[in-house]
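*Asks:* File name protein-v5.cif; file contents mmCIF, C-alpha atoms; full text below.
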data_entry
loop_
_atom_site.label_atom_id
_atom_site.label_comp_id
_atom_site.auth_asym_id
_atom_site.auth_seq_id
_atom_site.Cartn_x
_atom_site.Cartn_y
_atom_site.Cartn_z
CA MET A 744 24.11 18.08 29.22
CA ALA A 745 22.58 16.10 32.07
CA TYR A 746 19.25 15.84 30.22
CA ALA A 747 18.05 12.27 29.86
CA PRO A 748 14.75 11.50 28.15
CA SER A 749 12.04 9.81 30.20
CA SER A 750 10.18 6.76 28.99
CA LEU A 751 7.29 9.04 27.98
CA ALA A 752 9.61 10.93 25.62
CA LEU A 753 10.66 7.84 23.69
CA VAL A 754 8.87 6.43 20.64
CA PRO A 755 9.79 3.21 18.78
CA PHE A 756 11.26 4.07 15.38
CA VAL A 757 11.74 1.55 12.55
CA SER A 758 14.34 2.84 10.10
CA VAL A 759 14.90 1.49 6.60
CA GLU A 760 17.76 -0.60 7.97
CA ASN A 761 15.54 -2.09 10.64
CA MET A 762 12.64 -2.65 8.23
CA LEU A 763 15.02 -4.67 6.07
CA ARG A 764 16.04 -6.60 9.18
CA LEU A 765 12.38 -7.21 10.10
CA VAL A 766 11.40 -8.47 6.66
CA ASN A 767 14.39 -10.76 6.27
CA THR A 768 14.27 -12.10 9.82
CA ILE A 769 10.60 -13.03 9.47
CA GLY A 770 10.88 -13.96 5.78
CA ILE A 771 9.28 -12.07 2.89
CA GLU A 772 6.54 -14.63 2.29
CA THR A 773 5.68 -14.94 6.00
CA PHE A 774 5.68 -11.15 6.29
CA LEU A 775 3.24 -10.87 3.37
CA THR A 776 1.01 -13.60 4.80
CA GLU A 777 0.84 -12.07 8.27
CA LEU A 778 0.36 -8.56 6.90
CA ALA A 779 -2.50 -9.84 4.71
CA GLY A 780 -4.12 -11.26 7.85
CA PHE A 781 -4.02 -7.84 9.54
CA ILE A 782 -5.52 -6.20 6.43
CA GLU A 783 -8.35 -8.72 6.28
CA GLU A 784 -9.07 -8.27 10.00
CA ASP A 785 -9.39 -4.52 9.57
CA PHE A 786 -11.54 -4.72 6.42
CA ARG A 787 -13.93 -6.99 8.31
CA ARG A 788 -14.42 -4.22 10.90
CA TRP A 789 -14.56 -1.47 8.26
CA PRO A 790 -17.53 0.47 9.75
CA LEU A 791 -15.47 1.21 12.90
CA PHE A 792 -12.94 3.37 11.02
CA ASP A 793 -12.96 7.09 10.34
CA LYS A 794 -12.78 7.35 6.57
CA THR A 795 -11.91 10.22 4.29
CA PRO A 796 -10.30 10.48 0.85
CA ARG A 797 -6.61 11.20 1.22
CA VAL A 798 -5.48 14.81 1.50
CA ALA A 799 -3.56 15.42 -1.71
CA SER A 800 -1.40 18.24 -3.03
CA HIS A 801 -1.01 17.87 -6.80
CA SER A 802 1.60 19.45 -9.05
CA ARG A 803 2.70 18.95 -12.63
CA GLU A 804 5.47 16.66 -11.41
CA GLY A 805 3.52 14.48 -8.99
CA VAL A 806 1.52 14.37 -5.81
CA ILE A 807 2.16 14.55 -2.05
CA GLU A 808 -0.50 12.98 0.16
CA LEU A 809 -1.52 12.39 3.75
CA MET A 810 -3.60 9.29 4.47
CA PRO A 811 -5.23 9.33 7.94
CA THR A 812 -7.66 7.03 9.72
CA SER A 813 -8.65 5.91 13.23
CA ASP A 814 -10.60 3.10 14.89
CA ASP A 815 -11.13 5.10 18.13
CA VAL A 816 -8.32 3.18 19.85
CA SER A 817 -5.40 3.98 17.54
CA TYR A 818 -4.83 6.72 14.99
CA GLY A 819 -2.56 6.29 12.01
CA PHE A 820 -1.43 8.30 9.04
CA LYS A 821 0.99 7.93 6.15
CA TYR A 822 2.90 10.62 4.30
CA VAL A 823 3.48 9.47 0.71
CA ASN A 824 4.49 10.99 -2.61
CA GLY A 825 4.13 9.88 -6.20
CA HIS A 826 6.60 11.40 -8.68
CA PRO A 827 7.07 9.25 -11.82
CA LYS A 828 9.99 11.32 -13.16
CA ASN A 829 12.05 10.70 -10.00
CA THR A 830 13.67 7.62 -11.51
CA GLN A 831 15.45 9.89 -14.02
CA THR A 832 17.48 11.36 -11.15
CA GLY A 833 18.02 8.11 -9.24
CA ARG A 834 15.12 8.64 -6.84
CA GLN A 835 12.15 6.42 -5.99
CA THR A 836 8.79 7.20 -7.59
CA VAL A 837 7.10 6.56 -4.23
CA THR A 838 8.49 7.24 -0.76
CA ALA A 839 6.64 7.19 2.54
CA PHE A 840 6.74 7.20 6.30
CA GLY A 841 3.99 6.57 8.84
CA VAL A 842 2.93 7.27 12.40
CA MET A 843 0.62 5.42 14.78
CA ALA A 844 -0.68 7.09 17.95
CA ALA A 845 -2.84 6.20 20.94
CA VAL A 846 -6.22 7.92 20.72
CA ASP A 847 -6.63 8.25 24.50
CA THR A 848 -3.42 10.30 24.96
CA GLY A 849 -2.54 11.49 21.46
CA TYR A 850 1.00 10.22 22.03
CA PRO A 851 2.67 8.49 19.07
CA VAL A 852 3.47 4.84 19.70
CA LEU A 853 5.31 4.09 16.43
CA ILE A 854 7.16 5.92 13.67
CA THR A 855 8.32 3.88 10.72
CA GLU A 856 9.65 4.07 7.21
CA MET A 857 6.90 3.11 4.78
CA THR A 858 8.57 3.09 1.37
CA LEU A 859 9.30 -0.62 1.72
CA LEU A 860 6.23 -1.17 3.87
CA THR A 861 3.92 0.43 1.29
CA ALA A 862 5.24 -1.90 -1.41
CA LEU A 863 4.56 -4.87 0.87
CA ARG A 864 1.09 -3.72 1.95
CA THR A 865 0.07 -2.88 -1.65
CA ALA A 866 1.04 -6.36 -2.75
CA ALA A 867 -0.66 -7.97 0.25
CA MET A 868 -3.83 -5.94 -0.43
CA SER A 869 -3.86 -7.05 -4.07
CA ALA A 870 -3.63 -10.69 -3.04
CA VAL A 871 -6.29 -10.31 -0.34
CA ALA A 872 -8.67 -8.87 -2.93
CA ALA A 873 -7.83 -11.63 -5.40
CA ARG A 874 -8.60 -14.34 -2.82
CA HIS A 875 -12.17 -13.07 -2.88
CA LEU A 876 -12.46 -12.14 -6.57
CA ALA A 877 -10.14 -14.24 -8.76
CA PRO A 878 -10.99 -17.72 -10.04
CA LYS A 879 -10.31 -20.25 -7.29
CA THR A 880 -8.13 -22.24 -9.68
CA ALA A 881 -6.02 -19.21 -10.71
CA ARG A 882 -2.36 -20.14 -11.09
CA SER A 883 -1.10 -17.77 -13.81
CA MET A 884 -0.68 -14.00 -13.86
CA ALA A 885 0.46 -11.32 -16.29
CA LEU A 886 2.31 -8.43 -14.69
CA ILE A 887 2.24 -5.31 -16.89
CA GLY A 888 4.66 -2.71 -15.58
CA ASN A 889 7.77 -4.14 -13.95
CA GLY A 890 8.89 -1.30 -11.71
CA ALA A 891 9.50 -1.24 -7.96
CA GLN A 892 6.16 -2.89 -7.09
CA SER A 893 6.42 -5.87 -9.44
CA GLU A 894 8.37 -8.45 -7.41
CA PHE A 895 6.24 -7.78 -4.32
CA GLN A 896 3.06 -8.37 -6.32
CA ALA A 897 4.41 -11.61 -7.75
CA LEU A 898 5.41 -13.00 -4.35
CA ALA A 899 2.15 -11.98 -2.71
CA PHE A 900 0.11 -13.80 -5.36
CA LYS A 901 2.35 -16.86 -5.14
CA THR A 902 2.19 -16.93 -1.35
CA LEU A 903 -1.50 -16.21 -0.83
CA LEU A 904 -3.06 -17.73 -3.97
CA GLY A 905 -0.54 -20.28 -5.26
CA VAL A 906 0.11 -18.41 -8.52
CA ASP A 907 3.27 -20.01 -9.91
CA ARG A 908 3.33 -18.96 -13.59
CA LEU A 909 4.19 -15.34 -14.31
CA ARG A 910 4.42 -13.39 -17.56
CA LEU A 911 6.19 -10.04 -17.50
CA TYR A 912 5.92 -7.06 -19.81
CA ASP A 913 7.34 -3.56 -19.57
CA ILE A 914 8.14 -0.99 -22.24
CA ASP A 915 11.64 -1.12 -20.74
CA ARG A 916 12.75 -4.70 -21.30
CA ALA A 917 15.58 -4.21 -18.82
CA ALA A 918 12.97 -3.77 -16.08
CA SER A 919 11.39 -7.11 -16.96
CA LEU A 920 14.77 -8.84 -16.99
CA ARG A 921 15.60 -7.36 -13.59
CA CYS A 922 12.28 -8.55 -12.20
CA ALA A 923 12.87 -12.05 -13.58
CA ARG A 924 16.35 -12.17 -12.03
CA ASN A 925 15.09 -11.01 -8.64
CA LEU A 926 12.37 -13.66 -8.64
CA SER A 927 14.68 -16.56 -9.49
CA GLY A 928 14.74 -19.04 -6.65
CA PHE A 929 11.21 -18.26 -5.44
CA GLY A 930 9.52 -21.14 -7.26
CA LEU A 931 7.98 -19.11 -10.07
CA ASP A 932 7.96 -20.00 -13.76
CA VAL A 933 8.72 -16.57 -15.25
CA THR A 934 8.43 -15.59 -18.91
CA VAL A 935 9.52 -12.20 -20.24
CA CYS A 936 7.17 -11.16 -23.06
CA THR A 937 7.76 -8.78 -25.97
CA THR A 938 4.19 -7.45 -26.13
CA PRO A 939 1.45 -6.86 -23.57
CA GLU A 940 -0.87 -8.97 -25.71
CA ALA A 941 1.43 -11.97 -25.37
CA ALA A 942 1.63 -11.44 -21.63
CA VAL A 943 -2.13 -11.44 -20.97
CA GLU A 944 -3.23 -14.17 -23.37
CA GLY A 945 -4.71 -17.11 -21.48
CA VAL A 946 -3.71 -16.02 -17.95
CA ASP A 947 -6.09 -16.10 -14.99
CA ILE A 948 -5.06 -12.76 -13.47
CA ILE A 949 -3.82 -9.52 -15.03
CA THR A 950 -2.01 -7.01 -12.82
CA THR A 951 -1.26 -3.55 -14.18
CA ALA A 952 1.25 -1.52 -12.17
CA THR A 953 2.55 1.31 -14.31
CA ALA A 954 3.71 4.69 -13.02
CA ASP A 955 3.11 7.33 -15.72
CA LYS A 956 0.85 10.11 -14.46
CA GLN A 957 -1.49 10.23 -17.44
CA LEU A 958 -4.68 8.83 -18.92
CA ALA A 959 -2.99 5.79 -20.43
CA THR A 960 -4.42 2.69 -22.09
CA ILE A 961 -2.30 -0.21 -20.88
CA LEU A 962 -5.09 -2.72 -21.55
CA THR A 963 -7.56 -2.50 -24.40
CA ASP A 964 -10.89 -4.30 -24.44
CA ASN A 965 -9.80 -6.99 -26.90
CA MET A 966 -6.96 -8.04 -24.55
CA VAL A 967 -9.30 -9.11 -21.73
CA ALA A 968 -11.06 -12.48 -21.86
CA ALA A 969 -14.09 -13.74 -20.01
CA GLY A 970 -13.27 -15.14 -16.58
CA GLN A 971 -10.13 -13.11 -15.94
CA HIS A 972 -9.49 -11.09 -12.80
CA ILE A 973 -7.87 -7.67 -13.27
CA ASN A 974 -5.81 -6.14 -10.48
CA ALA A 975 -5.43 -2.48 -11.52
CA VAL A 976 -2.75 -1.05 -9.23
CA GLY A 977 -1.25 1.85 -11.20
CA GLY A 978 -4.17 4.29 -11.35
CA ASP A 979 -4.08 6.27 -8.11
CA CYS A 980 -4.70 9.94 -8.79
CA PRO A 981 -6.95 12.18 -10.91
CA GLY A 982 -6.02 12.05 -14.57
CA LYS A 983 -4.13 8.75 -14.27
CA THR A 984 -5.64 5.50 -15.55
CA GLU A 985 -4.48 2.27 -17.19
CA LEU A 986 -7.58 0.55 -18.62
CA HIS A 987 -9.73 1.33 -21.62
CA ARG A 988 -13.21 2.42 -20.57
CA ASP A 989 -14.85 -0.49 -22.43
CA ILE A 990 -13.12 -2.94 -20.07
CA LEU A 991 -14.79 -1.24 -17.11
CA LEU A 992 -18.20 -1.55 -18.75
CA ARG A 993 -17.69 -5.33 -19.12
CA SER A 994 -16.44 -5.86 -15.58
CA ASP A 995 -17.86 -6.16 -12.10
CA ILE A 996 -15.88 -3.50 -10.26
CA PHE A 997 -14.68 -3.71 -6.65
CA VAL A 998 -13.08 -0.83 -4.76
CA GLU A 999 -11.68 0.08 -1.37
CA TYR A 1000 -13.44 3.35 -0.50
CA THR A 1001 -15.83 4.56 -3.19
CA PRO A 1002 -15.52 8.35 -2.69
CA GLN A 1003 -11.73 8.17 -3.09
CA THR A 1004 -11.77 5.72 -6.00
CA ARG A 1005 -14.28 7.86 -7.93
CA ILE A 1006 -11.64 10.62 -7.87
CA GLU A 1007 -8.48 8.59 -8.39
CA GLY A 1008 -9.26 5.15 -9.79
CA GLU A 1009 -10.13 3.66 -13.15
CA ILE A 1010 -13.77 4.51 -12.47
CA GLN A 1011 -13.03 8.23 -12.84
CA GLN A 1012 -13.74 7.43 -16.51
CA LEU A 1013 -17.34 6.44 -15.70
CA ARG A 1014 -20.39 8.36 -14.61
CA PRO A 1015 -20.52 9.04 -10.85
CA THR A 1016 -23.45 6.66 -10.38
CA HIS A 1017 -21.87 3.64 -12.06
CA PRO A 1018 -22.33 0.70 -9.67
CA VAL A 1019 -19.31 -0.56 -7.74
CA THR A 1020 -18.94 -2.80 -4.68
CA GLU A 1021 -16.69 -2.02 -1.72
CA LEU A 1022 -14.40 -4.92 -0.94
CA TRP A 1023 -15.19 -5.02 2.79
CA GLN A 1024 -18.77 -5.93 1.87
CA VAL A 1025 -17.54 -9.02 0.01
CA MET A 1026 -15.30 -10.01 2.91
CA THR A 1027 -18.16 -9.80 5.40
CA GLY A 1028 -20.71 -11.53 3.17
CA ALA A 1029 -22.79 -8.37 2.69
CA ALA A 1030 -22.19 -8.49 -1.09
CA GLU A 1031 -21.18 -11.08 -3.67
CA GLY A 1032 -17.74 -11.27 -5.25
CA ARG A 1033 -17.11 -13.69 -8.09
CA THR A 1034 -20.32 -15.45 -9.09
CA SER A 1035 -19.44 -17.24 -12.35
CA ASP A 1036 -16.54 -18.68 -14.32
CA ARG A 1037 -17.01 -16.17 -17.15
CA GLN A 1038 -17.33 -13.07 -14.99
CA ILE A 1039 -14.63 -10.41 -15.36
CA THR A 1040 -13.77 -9.02 -11.94
CA LEU A 1041 -11.81 -5.79 -11.55
CA PHE A 1042 -10.17 -4.61 -8.34
CA ASP A 1043 -9.77 -0.88 -8.92
CA SER A 1044 -6.99 -0.42 -6.39
CA VAL A 1045 -5.87 3.07 -5.38
CA GLY A 1046 -4.65 2.37 -1.84
CA PHE A 1047 -6.60 3.48 1.20
CA ALA A 1048 -5.60 4.61 4.69
CA VAL A 1049 -7.06 1.55 6.43
CA GLU A 1050 -4.49 -0.61 4.63
CA ASP A 1051 -1.69 1.59 5.95
CA PHE A 1052 -3.26 1.43 9.41
CA SER A 1053 -3.13 -2.37 9.14
CA ALA A 1054 0.53 -2.21 8.12
CA LEU A 1055 1.36 0.10 11.03
CA ARG A 1056 -0.55 -2.15 13.41
CA TYR A 1057 1.34 -5.19 12.11
CA VAL A 1058 4.76 -3.56 12.47
CA LYS A 1059 3.87 -2.41 15.98
CA SER A 1060 3.03 -6.03 16.85
CA LEU A 1061 6.53 -7.02 15.73
CA ILE A 1062 8.28 -4.59 18.09
CA GLY A 1063 8.35 -7.12 20.93
CA ARG A 1064 9.01 -10.05 18.61
CA VAL A 1065 12.06 -8.88 16.67
CA ALA A 1066 14.60 -6.38 18.03
CA ALA A 1067 14.63 -4.28 14.88
CA TYR A 1068 13.87 -0.77 16.10
CA GLU A 1069 15.37 2.05 18.13
CA MET A 1070 13.85 4.42 20.66
CA LEU A 1071 13.60 7.96 19.35
CA ASP A 1072 13.68 10.92 21.76
CA LEU A 1073 10.70 12.65 20.16
CA LEU A 1074 8.43 14.13 22.84
CA ALA A 1075 9.34 16.84 25.30
CA ASP A 1076 8.51 15.56 28.79
CA PRO A 1077 9.13 18.18 31.50
CA ASP A 1078 8.99 17.21 35.17
CA ASP A 1079 5.86 19.35 35.46
CA PRO A 1080 3.63 18.97 32.37
CA ARG A 1081 2.62 22.64 32.75
CA ASP A 1082 6.20 23.91 32.86
CA LEU A 1083 7.50 23.38 29.33
CA PHE A 1084 9.35 26.72 29.44
CA GLY A 1085 11.10 25.64 32.63
CA MET A 1086 12.53 22.71 30.71
CA VAL A 1087 14.12 25.19 28.29
CA LEU A 1088 15.55 27.26 31.15
CA ARG A 1089 17.08 24.25 32.87
CA ALA A 1090 18.73 23.19 29.61
CA ARG A 1091 20.11 26.72 29.19
CA THR A 1092 21.60 26.60 32.65
CA GLU A 1093 23.22 23.24 31.94
CA LEU A 1094 24.70 24.55 28.69
CA LYS A 1095 26.20 27.55 30.50
CA ASP A 1096 27.71 25.27 33.15
CA LEU A 1097 29.28 23.11 30.46
CA ALA A 1098 30.73 26.15 28.74
CA SER A 1099 32.30 27.58 31.90
#
Turn the structure described in the file into structure tokens.
*Replies:*
Amino acid sequence: MAYAPSSLALVPFVSVENMLRLVNTIGIETFLTELAGFIEEDFRRWPLFDKTPRVASHSREGVIELMPTSDDVSYGFKYVNGHPKNTQTGRQTVTAFGVMAAVDTGYPVLITEMTLLTALRTAAMSAVAARHLAPKTARSMALIGNGAQSEFQALAFKTLLGVDRLRLYDIDRAASLRCARNLSGFGLDVTVCTTPEAAVEGVDIITTATADKQLATILTDNMVAAGQHINAVGGDCPGKTELHRDILLRSDIFVEYTPQTRIEGEIQQLRPTHPVTELWQVMTGAAEGRTSDRQITLFDSVGFAVEDFSALRYVKSLIGRVAAYEMLDLLADPDDPRDLFGMVLRARTELKDLAS
């Protein structure tokens, strides 16, 4: 066929292969640092964004979600699933892709894989929150749950906060050993622990990142000491938690978007009026974060669309910096915008000519 797409038909597409090229060309730690900067920028202009709890379709096996937002200039959304049993068949628990579009035309300006990108943005978000909530002298962290997110979390905390001592625990010891192997050479002192209690004792930060879709108790009240910061990553849907309720009652709780976290986060265990602080308020000085050495701070992380918007915006900024994308013929662009059917007819004619 003689059809050739116009420039208006083409959209930059970042495949998994090209995302790997992007991350490794820039460097994982630089990528995390720059991505964290984009997240912080967007949280500081939080009131400008359209905000809604994610659109979720739940089943017994998992959840499929759409996460949209807009700042009136760009629109972004992420498609993401969460299926804990997927690992039994060699699949990822979480997969994702995302789209960014121009608000003034509605035309997409970026399509990208977001399985890798979500892992990076989740880790960057955790570290951004900890910069505002964890003890300033924090250098040690326990990482409970050593699945696909664990190495990203460790590197984000090392890069953004200087955490260099890491204790690992997972019910599957092989997962902890894999995590330790992957992190060798990154300047971390890593200890694999045999119990969660041993992992959390005396550390400055506790990160929980487990995947089971249930009301679990990964941390009990007696495991948490005064002054610690808790980064609760694993609870992200109704009926799925990681922390005992008594820990929440002892903690000052910080969230991304309250209406979503009340449904999906650790605070689904509390009454709907229990006080929480949105993180953007801390970043802008509208609310206090950590106020004392003995305060227990809890970032009840569920992941919010603005973070994905930041990740999309960051990747879009890299398009002209690193040649790690391809142009996808995605949008029909007829010579006359009102003659879409004519485009079909011309293609039919060309196909007949080729066949004759």
*Asks:* Kindly resolve the PyMOL selection byres ((chain A and resi 755) around 8) on the present coordinates and return the residues as a PyMOL selection string.
*Replies:* chain A and resi 753-754+756-757+852-854+1062+1068-1071
*Asks:* What's the separation between atom CA of A:Glu944 and atom CA of A:Thr836, in Å to one decimal place?
*Replies:* 29.2 Å
*Asks:* Neighbours of A:Gln1003 within 9 Å (all atoms listed in the file; same-chain residues fewer than 5 positions away dropped), as a PyMOL selection string?
*Replies:* chain A and resi 795-797+1008+1045+1047
*Asks:* Could you spell out the hits of the PyMOL selection byres ((chain A and resi 1088-1096) around 12) on the shown file, as an MDAnalysis selection string?
*Replies:* chainID A and resid 744:747 1077:1078 1082:1087 1097:1099
*Asks:* Can you pull out the residues contacting stretch 1013-1029 of chain A? Cut-off 12 Å, using all atoms listed in the file, and skip same-chain residues under 4 positions away; I want them as a PDB file with C-alpha atoms, keeping the file's coordinate frame.
*Replies:*
ATOM      1  CA  ILE A 782      -5.520  -6.200   6.430  1.00  0.00           C
ATOM      2  CA  GLU A 783      -8.350  -8.720   6.280  1.00  0.00           C
ATOM      3  CA  GLU A 784      -9.070  -8.270  10.000  1.00  0.00           C
ATOM      4  CA  ASP A 785      -9.390  -4.520   9.570  1.00  0.00           C
ATOM      5  CA  PHE A 786     -11.540  -4.720   6.420  1.00  0.00           C
ATOM      6  CA  ARG A 787     -13.930  -6.990   8.310  1.00  0.00           C
ATOM      7  CA  ARG A 788     -14.420  -4.220  10.900  1.00  0.00           C
ATOM      8  CA  TRP A 789     -14.560  -1.470   8.260  1.00  0.00           C
ATOM      9  CA  PRO A 790     -17.530   0.470   9.750  1.00  0.00           C
ATOM     10  CA  LEU A 791     -15.470   1.210  12.900  1.00  0.00           C
ATOM     11  CA  PHE A 792     -12.940   3.370  11.020  1.00  0.00           C
ATOM     12  CA  MET A 868      -3.830  -5.940  -0.430  1.00  0.00           C
ATOM     13  CA  SER A 869      -3.860  -7.050  -4.070  1.00  0.00           C
ATOM     14  CA  VAL A 871      -6.290 -10.310  -0.340  1.00  0.00           C
ATOM     15  CA  ALA A 872      -8.670  -8.870  -2.930  1.00  0.00           C
ATOM     16  CA  ALA A 873      -7.830 -11.630  -5.400  1.00  0.00           C
ATOM     17  CA  ARG A 874      -8.600 -14.340  -2.820  1.00  0.00           C
ATOM     18  CA  HIS A 875     -12.170 -13.070  -2.880  1.00  0.00           C
ATOM     19  CA  LEU A 876     -12.460 -12.140  -6.570  1.00  0.00           C
ATOM     20  CA  THR A 984      -5.640   5.500 -15.550  1.00  0.00           C
ATOM     21  CA  LEU A 986      -7.580   0.550 -18.620  1.00  0.00           C
ATOM     22  CA  HIS A 987      -9.730   1.330 -21.620  1.00  0.00           C
ATOM     23  CA  ARG A 988     -13.210   2.420 -20.570  1.00  0.00           C
ATOM     24  CA  ASP A 989     -14.850  -0.490 -22.430  1.00  0.00           C
ATOM     25  CA  ILE A 990     -13.120  -2.940 -20.070  1.00  0.00           C
ATOM     26  CA  LEU A 991     -14.790  -1.240 -17.110  1.00  0.00           C
ATOM     27  CA  LEU A 992     -18.200  -1.550 -18.750  1.00  0.00           C
ATOM     28  CA  SER A 994     -16.440  -5.860 -15.580  1.00  0.00           C
ATOM     29  CA  ASP A 995     -17.860  -6.160 -12.100  1.00  0.00           C
ATOM     30  CA  ILE A 996     -15.880  -3.500 -10.260  1.00  0.00           C
ATOM     31  CA  PHE A 997     -14.680  -3.710  -6.650  1.00  0.00           C
ATOM     32  CA  VAL A 998     -13.080  -0.830  -4.760  1.00  0.00           C
ATOM     33  CA  GLU A 999     -11.680   0.080  -1.370  1.00  0.00           C
ATOM     34  CA  TYR A1000     -13.440   3.350  -0.500  1.00  0.00           C
ATOM     35  CA  THR A1001     -15.830   4.560  -3.190  1.00  0.00           C
ATOM     36  CA  PRO A1002     -15.520   8.350  -2.690  1.00  0.00           C
ATOM     37  CA  GLN A1003     -11.730   8.170  -3.090  1.00  0.00           C
ATOM     38  CA  THR A1004     -11.770   5.720  -6.000  1.00  0.00           C
ATOM     39  CA  ARG A1005     -14.280   7.860  -7.930  1.00  0.00           C
ATOM     40  CA  ILE A1006     -11.640  10.620  -7.870  1.00  0.00           C
ATOM     41  CA  GLU A1007      -8.480   8.590  -8.390  1.00  0.00           C
ATOM     42  CA  GLY A1008      -9.260   5.150  -9.790  1.00  0.00           C
ATOM     43  CA  GLU A1009     -10.130   3.660 -13.150  1.00  0.00           C
ATOM     44  CA  ARG A1033     -17.110 -13.690  -8.090  1.00  0.00           C
ATOM     45  CA  THR A1034     -20.320 -15.450  -9.090  1.00  0.00           C
ATOM     46  CA  THR A1040     -13.770  -9.020 -11.940  1.00  0.00           C
ATOM     47  CA  LEU A1041     -11.810  -5.790 -11.550  1.00  0.00           C
ATOM     48  CA  PHE A1042     -10.170  -4.610  -8.340  1.00  0.00           C
ATOM     49  CA  ASP A1043      -9.770  -0.880  -8.920  1.00  0.00           C
ATOM     50  CA  SER A1044      -6.990  -0.420  -6.390  1.00  0.00           C
ATOM     51  CA  PHE A1047      -6.600   3.480   1.200  1.00  0.00           C
ATOM     52  CA  VAL A1049      -7.060   1.550   6.430  1.00  0.00           C
ATOM     53  CA  GLU A1050      -4.490  -0.610   4.630  1.00  0.00           C
TER      54      GLU A1050
END
*Asks:* Could you tell me which residues the PyMOL selection byres ((chain A and resi 802) around 12) grabs in this file, written as an MDAnalysis selection string?
*Replies:* chainID A and resid 799:801 803:808 824:827 956 980:982
*Asks:* Using all atoms listed in the file, determine which residues lie at most 9 Å from A:Phe1052, disregarding the query and same-chain residues fewer than 2 positions distant; provide the list as an mmCIF file with C-alpha atoms, keeping the file's coordinate frame.
*Replies:*
data_model
loop_
_atom_site.group_PDB
_atom_site.id
_atom_site.type_symbol
_atom_site.label_atom_id
_atom_site.label_comp_id
_atom_site.auth_asym_id
_atom_site.auth_seq_id
_atom_site.Cartn_x
_atom_site.Cartn_y
_atom_site.Cartn_z
ATOM 1 C CA ILE A 782 -5.520 -6.200 6.430
ATOM 2 C CA ASP A 785 -9.390 -4.520 9.570
ATOM 3 C CA PRO A 811 -5.230 9.330 7.940
ATOM 4 C CA THR A 812 -7.660 7.030 9.720
ATOM 5 C CA SER A 813 -8.650 5.910 13.230
ATOM 6 C CA SER A 817 -5.400 3.980 17.540
ATOM 7 C CA TYR A 818 -4.830 6.720 14.990
ATOM 8 C CA GLY A 819 -2.560 6.290 12.010
ATOM 9 C CA PHE A 820 -1.430 8.300 9.040
ATOM 10 C CA LYS A 821 0.990 7.930 6.150
ATOM 11 C CA GLY A 841 3.990 6.570 8.840
ATOM 12 C CA MET A 843 0.620 5.420 14.780
ATOM 13 C CA ALA A 1048 -5.600 4.610 4.690
ATOM 14 C CA VAL A 1049 -7.060 1.550 6.430
ATOM 15 C CA GLU A 1050 -4.490 -0.610 4.630
ATOM 16 C CA ALA A 1054 0.530 -2.210 8.120
ATOM 17 C CA LEU A 1055 1.360 0.100 11.030
ATOM 18 C CA ARG A 1056 -0.550 -2.150 13.410
ATOM 19 C CA TYR A 1057 1.340 -5.190 12.110
#
